[in-house]
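J.: There's a structure below that I have some questions on.
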Amino acid sequence: MTYSEKPYAGLALLTDLDGTLLTPEKTVSPEDAAAIADFRRKGGLFSIATGRGTQATQEFLELLRPDFPAVMYNGALLYDSAEQQIITAAHLPEETAALLSELMRAFPDVGAEVLCEEGVFVLQMNEQERQHLTITHIPIVMKMLGEIRVTSCFKALFAGPPERIAEMQEYVRAERFSAVSFTRSHRWFLELLPHHTSKGTALEKLRAVLPAGTVIGATGDFDNDAAMLTAADYCGCPADSQQSVLEAVSAKNGFRSEKTCENGFFADWIAEFVRRCGR
């Protein structure tokens, strides 16, 4: 294929997985897979940005084979799967242990896990945490907080009923929690991340990895995607996205699809992205 036959050269797609690219069955639809293949065949670059950790992302790294580093742990890790190499990594600060201990005492009915270099460890179990681990195919490994080296952890995740997670979200607005960042990644989840870490900060780091002048299109559906959409050159979202995402996309004059991940959103998004940004 000649250069003139690569109209999408200079374009890069960065996408969330759950609720955006993946169907409710955690698969990529044939329609969306064909659209991604066509985009890449015509010169475009493709990668993923997910809150999932290494274990839960591996099958999709193997399936999708990203063209540039994947964003994992909601921005704490940039990982080049082709080279099996970490590009950048951010870890939780030492004071996180005291914050986790406080949150577990204040919300004993909420599940808690930490995602570390050594693996995923469950500190507190409940029904939402159990379902989360089942969906992501992560084995249950229980540990006490004192057994965890928090400075080797990329993030912590709390799982519970939406009303309890909302209460926790209000609780962590206190000044003593300012050494870390928080984001909602699902109605069941609140995540604790290293300070100033998000998919948005990760996207800015990717600009140094991608060829100069690359136009980055990003898409997602939940609160943890909003910073990435704001940082992108062009952005889009499914019809059923959270309000914060709809507002971020509108503010950037992005693409609000009438489709969802269940009925061809991603192919719809690629068509709009190349129409707006392709040669």
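Note on naming: chains are A, B, ... as they come in the structure tokens, residues start from 1 per chain, ligands start from 1 in the order shown.
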Skipping near chain neighbours, those fewer than 5 positions away, what residues fall within 8 Å of Ser181 in chain A using only C-alpha atoms, listed as a PyMOL selection string?

T.: chain A and resi 192-197

J.: Need the shell around range 86-91 of chain A: protein/DNA/RNA residues with any atom at most 7 Å away, counting only C-alpha atoms. Skip same-chain ones fewer than 2 positions apart. Format as a PyMOL selection string?

T.: chain A and resi 76-80+84+93+151-154+194

J.: Check the DSSP output for the backbone and give back, as an MDAnalysis selection string, the residues of range 89-211 of chain A in strand (DSSP E).

T.: chainID A and resid 89 111:116 119:124 153:159 180:186 189:194

J.: With C-alpha atoms retained, export the selected residues as a PDB file, in the first residue's frame.

T.:
ATOM      1  CA  ALA A  89       4.872   3.872  36.172  1.00  0.00           C
ATOM      2  CA  GLY A 111     -14.909  -4.451  49.301  1.00  0.00           C
ATOM      3  CA  ALA A 112     -11.285  -3.366  48.922  1.00  0.00           C
ATOM      4  CA  GLU A 113      -8.357  -4.530  46.818  1.00  0.00           C
ATOM      5  CA  VAL A 114      -4.902  -3.247  45.935  1.00  0.00           C
ATOM      6  CA  LEU A 115      -3.268  -3.740  42.552  1.00  0.00           C
ATOM      7  CA  CYS A 116       0.494  -4.092  42.884  1.00  0.00           C
ATOM      8  CA  GLY A 119      -0.529  -9.016  41.782  1.00  0.00           C
ATOM      9  CA  VAL A 120      -4.057  -8.201  42.981  1.00  0.00           C
ATOM     10  CA  PHE A 121      -4.731  -8.642  46.702  1.00  0.00           C
ATOM     11  CA  VAL A 122      -8.125  -8.446  48.408  1.00  0.00           C
ATOM     12  CA  LEU A 123      -8.187  -6.629  51.739  1.00  0.00           C
ATOM     13  CA  GLN A 124     -11.949  -6.671  52.329  1.00  0.00           C
ATOM     14  CA  CYS A 153       0.935  -0.605  44.298  1.00  0.00           C
ATOM     15  CA  PHE A 154      -0.470   1.229  41.279  1.00  0.00           C
ATOM     16  CA  LYS A 155      -3.913   1.777  42.774  1.00  0.00           C
ATOM     17  CA  ALA A 156      -6.551   0.586  45.228  1.00  0.00           C
ATOM     18  CA  LEU A 157     -10.171  -0.160  44.353  1.00  0.00           C
ATOM     19  CA  PHE A 158     -13.250  -0.072  46.579  1.00  0.00           C
ATOM     20  CA  ALA A 159     -16.387  -1.957  45.514  1.00  0.00           C
ATOM     21  CA  VAL A 180      -3.739  10.821  46.383  1.00  0.00           C
ATOM     22  CA  SER A 181      -6.358  11.028  43.632  1.00  0.00           C
ATOM     23  CA  PHE A 182      -9.783   9.407  43.400  1.00  0.00           C
ATOM     24  CA  THR A 183     -12.013   8.505  40.461  1.00  0.00           C
ATOM     25  CA  ARG A 184     -15.237   6.590  39.842  1.00  0.00           C
ATOM     26  CA  SER A 185     -14.759   3.889  37.209  1.00  0.00           C
ATOM     27  CA  HIS A 186     -18.136   2.137  37.604  1.00  0.00           C
ATOM     28  CA  PHE A 189     -16.280   1.350  42.187  1.00  0.00           C
ATOM     29  CA  LEU A 190     -14.212   4.144  43.674  1.00  0.00           C
ATOM     30  CA  GLU A 191     -10.502   4.013  42.864  1.00  0.00           C
ATOM     31  CA  LEU A 192      -7.568   5.498  44.771  1.00  0.00           C
ATOM     32  CA  LEU A 193      -4.646   6.485  42.517  1.00  0.00           C
ATOM     33  CA  PRO A 194      -1.255   8.173  42.858  1.00  0.00           C
TER      34      PRO A 194
END

J.: Restrict the calculation to only C-alpha atoms, then for each residue of range 160-227 of chain A with any atom at most 10 Å from an atom of range 253-276 of chain A give the closest atom pair and their distance in Å to one decimal, rows by chain and rising residue number, as a tab-separated table.

T.:
residue	atom	partner	partner_atom	distance
A:Ile216	CA	A:Phe273	CA	9.6
A:Gly217	CA	A:Phe273	CA	7.0
A:Ala218	CA	A:Phe273	CA	9.4
A:Thr219	CA	A:Trp269	CA	8.2
A:Asp221	CA	A:Thr260	CA	9.5

J.: Keeping N, CA and C atoms, export the residues of the selection given above as a compact mmCIF listing (two decimals), in the first residue's frame.

T.:
# COMPACT_ATOMS: atom_id res chain seq x y z
N ILE A 216 -4.64 12.67 18.21
CA ILE A 216 -5.14 11.61 19.08
C ILE A 216 -6.64 11.76 19.27
N GLY A 217 -7.36 10.70 18.93
CA GLY A 217 -8.78 10.62 19.21
C GLY A 217 -9.01 9.66 20.36
N ALA A 218 -9.75 10.10 21.36
CA ALA A 218 -9.99 9.26 22.54
C ALA A 218 -11.47 9.10 22.79
N THR A 219 -11.82 7.95 23.34
CA THR A 219 -13.22 7.68 23.64
C THR A 219 -13.37 6.87 24.91
N ASP A 221 -16.56 6.14 28.44
CA ASP A 221 -17.97 6.26 28.85
C ASP A 221 -18.18 6.62 30.30

J.: Check the smallest atom-to-atom distance from each of A:Leu103, A:Gly53, A:Val209, A:Glu31 to Glu170 in chain A using only C-alpha atoms, then report the winner.

T.: A:Leu103

J.: Kindly indicate which residue among A:Gln169, A:Thr20, A:Thr15, A:Thr96 lies nearest to Ala239 in chain A, using only C-alpha atoms for the distances.

T.: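 Checking each of A:Gln169, A:Thr20, A:Thr15, A:Thr96 against Ala239 in chain A, counting only C-alpha atoms, the winner is A:Thr20.
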
J.: Report as a PyMOL selection string: the residues of range 125-201 of chain A with a DSSP assignment of alpha helix (DSSP H), based on the backbone of this structure.

T.: chain A and resi 127-135+162-171+199-201

J.: Find the residue from A:Ile36, A:Val150, A:Ile140, A:Ile165 that sits nearest to Arg187 in chain A; use only C-alpha atoms when measuring.

T.: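 Smallest separation from Arg187 in chain A among the options: A:Ile165.
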
J.: Hey, can you check how far CA of Ala97 in chain A sits from CA of Thr136 in chain A?

T.: 25.1 Å

J.: Please list as a list of chain:residue names every residue within 12 Å of Glu102 in chain A, counting only C-alpha atoms and excluding residues in the same chain fewer than 6 positions away.

T.: A:Glu95, A:Thr96, A:Pro108, A:Leu145, A:Met168, A:Tyr171, A:Val172, A:Arg176, A:Phe177

J.: So that I have them on file, write out the residues from the current selection with N, CA and C atoms, as a PDB file, in the first residue's frame.

T.:
ATOM      1  N   GLU A  95       2.046   7.169  52.628  1.00  0.00           N
ATOM      2  CA  GLU A  95       0.931   7.521  53.512  1.00  0.00           C
ATOM      3  C   GLU A  95      -0.387   6.871  53.109  1.00  0.00           C
ATOM      4  N   THR A  96      -0.403   6.196  51.954  1.00  0.00           N
ATOM      5  CA  THR A  96      -1.626   5.528  51.514  1.00  0.00           C
ATOM      6  C   THR A  96      -2.066   4.448  52.495  1.00  0.00           C
ATOM      7  N   PRO A 108     -16.712  -0.747  56.515  1.00  0.00           N
ATOM      8  CA  PRO A 108     -16.359  -2.170  56.637  1.00  0.00           C
ATOM      9  C   PRO A 108     -17.159  -3.088  55.720  1.00  0.00           C
ATOM     10  N   LEU A 145      -3.689  -5.723  55.318  1.00  0.00           N
ATOM     11  CA  LEU A 145      -3.043  -4.496  54.846  1.00  0.00           C
ATOM     12  C   LEU A 145      -1.569  -4.438  55.259  1.00  0.00           C
ATOM     13  N   MET A 168     -18.703   7.212  50.206  1.00  0.00           N
ATOM     14  CA  MET A 168     -17.251   7.192  50.304  1.00  0.00           C
ATOM     15  C   MET A 168     -16.633   8.321  49.492  1.00  0.00           C
ATOM     16  N   TYR A 171     -16.773  11.302  51.531  1.00  0.00           N
ATOM     17  CA  TYR A 171     -15.868  11.166  52.682  1.00  0.00           C
ATOM     18  C   TYR A 171     -14.442  11.548  52.319  1.00  0.00           C
ATOM     19  N   VAL A 172     -13.984  11.149  51.129  1.00  0.00           N
ATOM     20  CA  VAL A 172     -12.579  11.366  50.763  1.00  0.00           C
ATOM     21  C   VAL A 172     -12.312  12.787  50.255  1.00  0.00           C
ATOM     22  N   ARG A 176      -7.156  15.561  54.284  1.00  0.00           N
ATOM     23  CA  ARG A 176      -6.139  14.536  54.577  1.00  0.00           C
ATOM     24  C   ARG A 176      -5.983  13.521  53.445  1.00  0.00           C
ATOM     25  N   PHE A 177      -6.923  13.498  52.493  1.00  0.00           N
ATOM     26  CA  PHE A 177      -6.824  12.583  51.357  1.00  0.00           C
ATOM     27  C   PHE A 177      -6.211  13.248  50.113  1.00  0.00           C
TER      28      PHE A 177
END

J.: Would you mind telling me which residue in A:Trp188, A:Phe60, A:Phe222, A:Tyr8 lies nearest to Gly43 in chain A when using only C-alpha atoms?

T.: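 That would be A:Tyr8, the residue with the smallest distance to Gly43 in chain A.
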
J.: Write out as a list in words the residues lying within 6 Å of range 210-214 of chain A, counting only C-alpha atoms and excluding same-chain residues fewer than 2 positions away.

T.: Gly10, Leu11, Arg207 and Ala208 of chain A

J.: How many Å lie between CA of Ala166 in chain A and CA of Met104 in chain A, rounded to one decimal?

T.: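 Result for CA of Ala166 in chain A versus CA of Met104 in chain A: 15.1 Å, one decimal.
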
J.: What lies within 7 Å of Asp67 in chain A using only C-alpha atoms, ignoring chain neighbours under 2 positions off, as a PyMOL selection string?

T.: chain A and resi 45-47+65
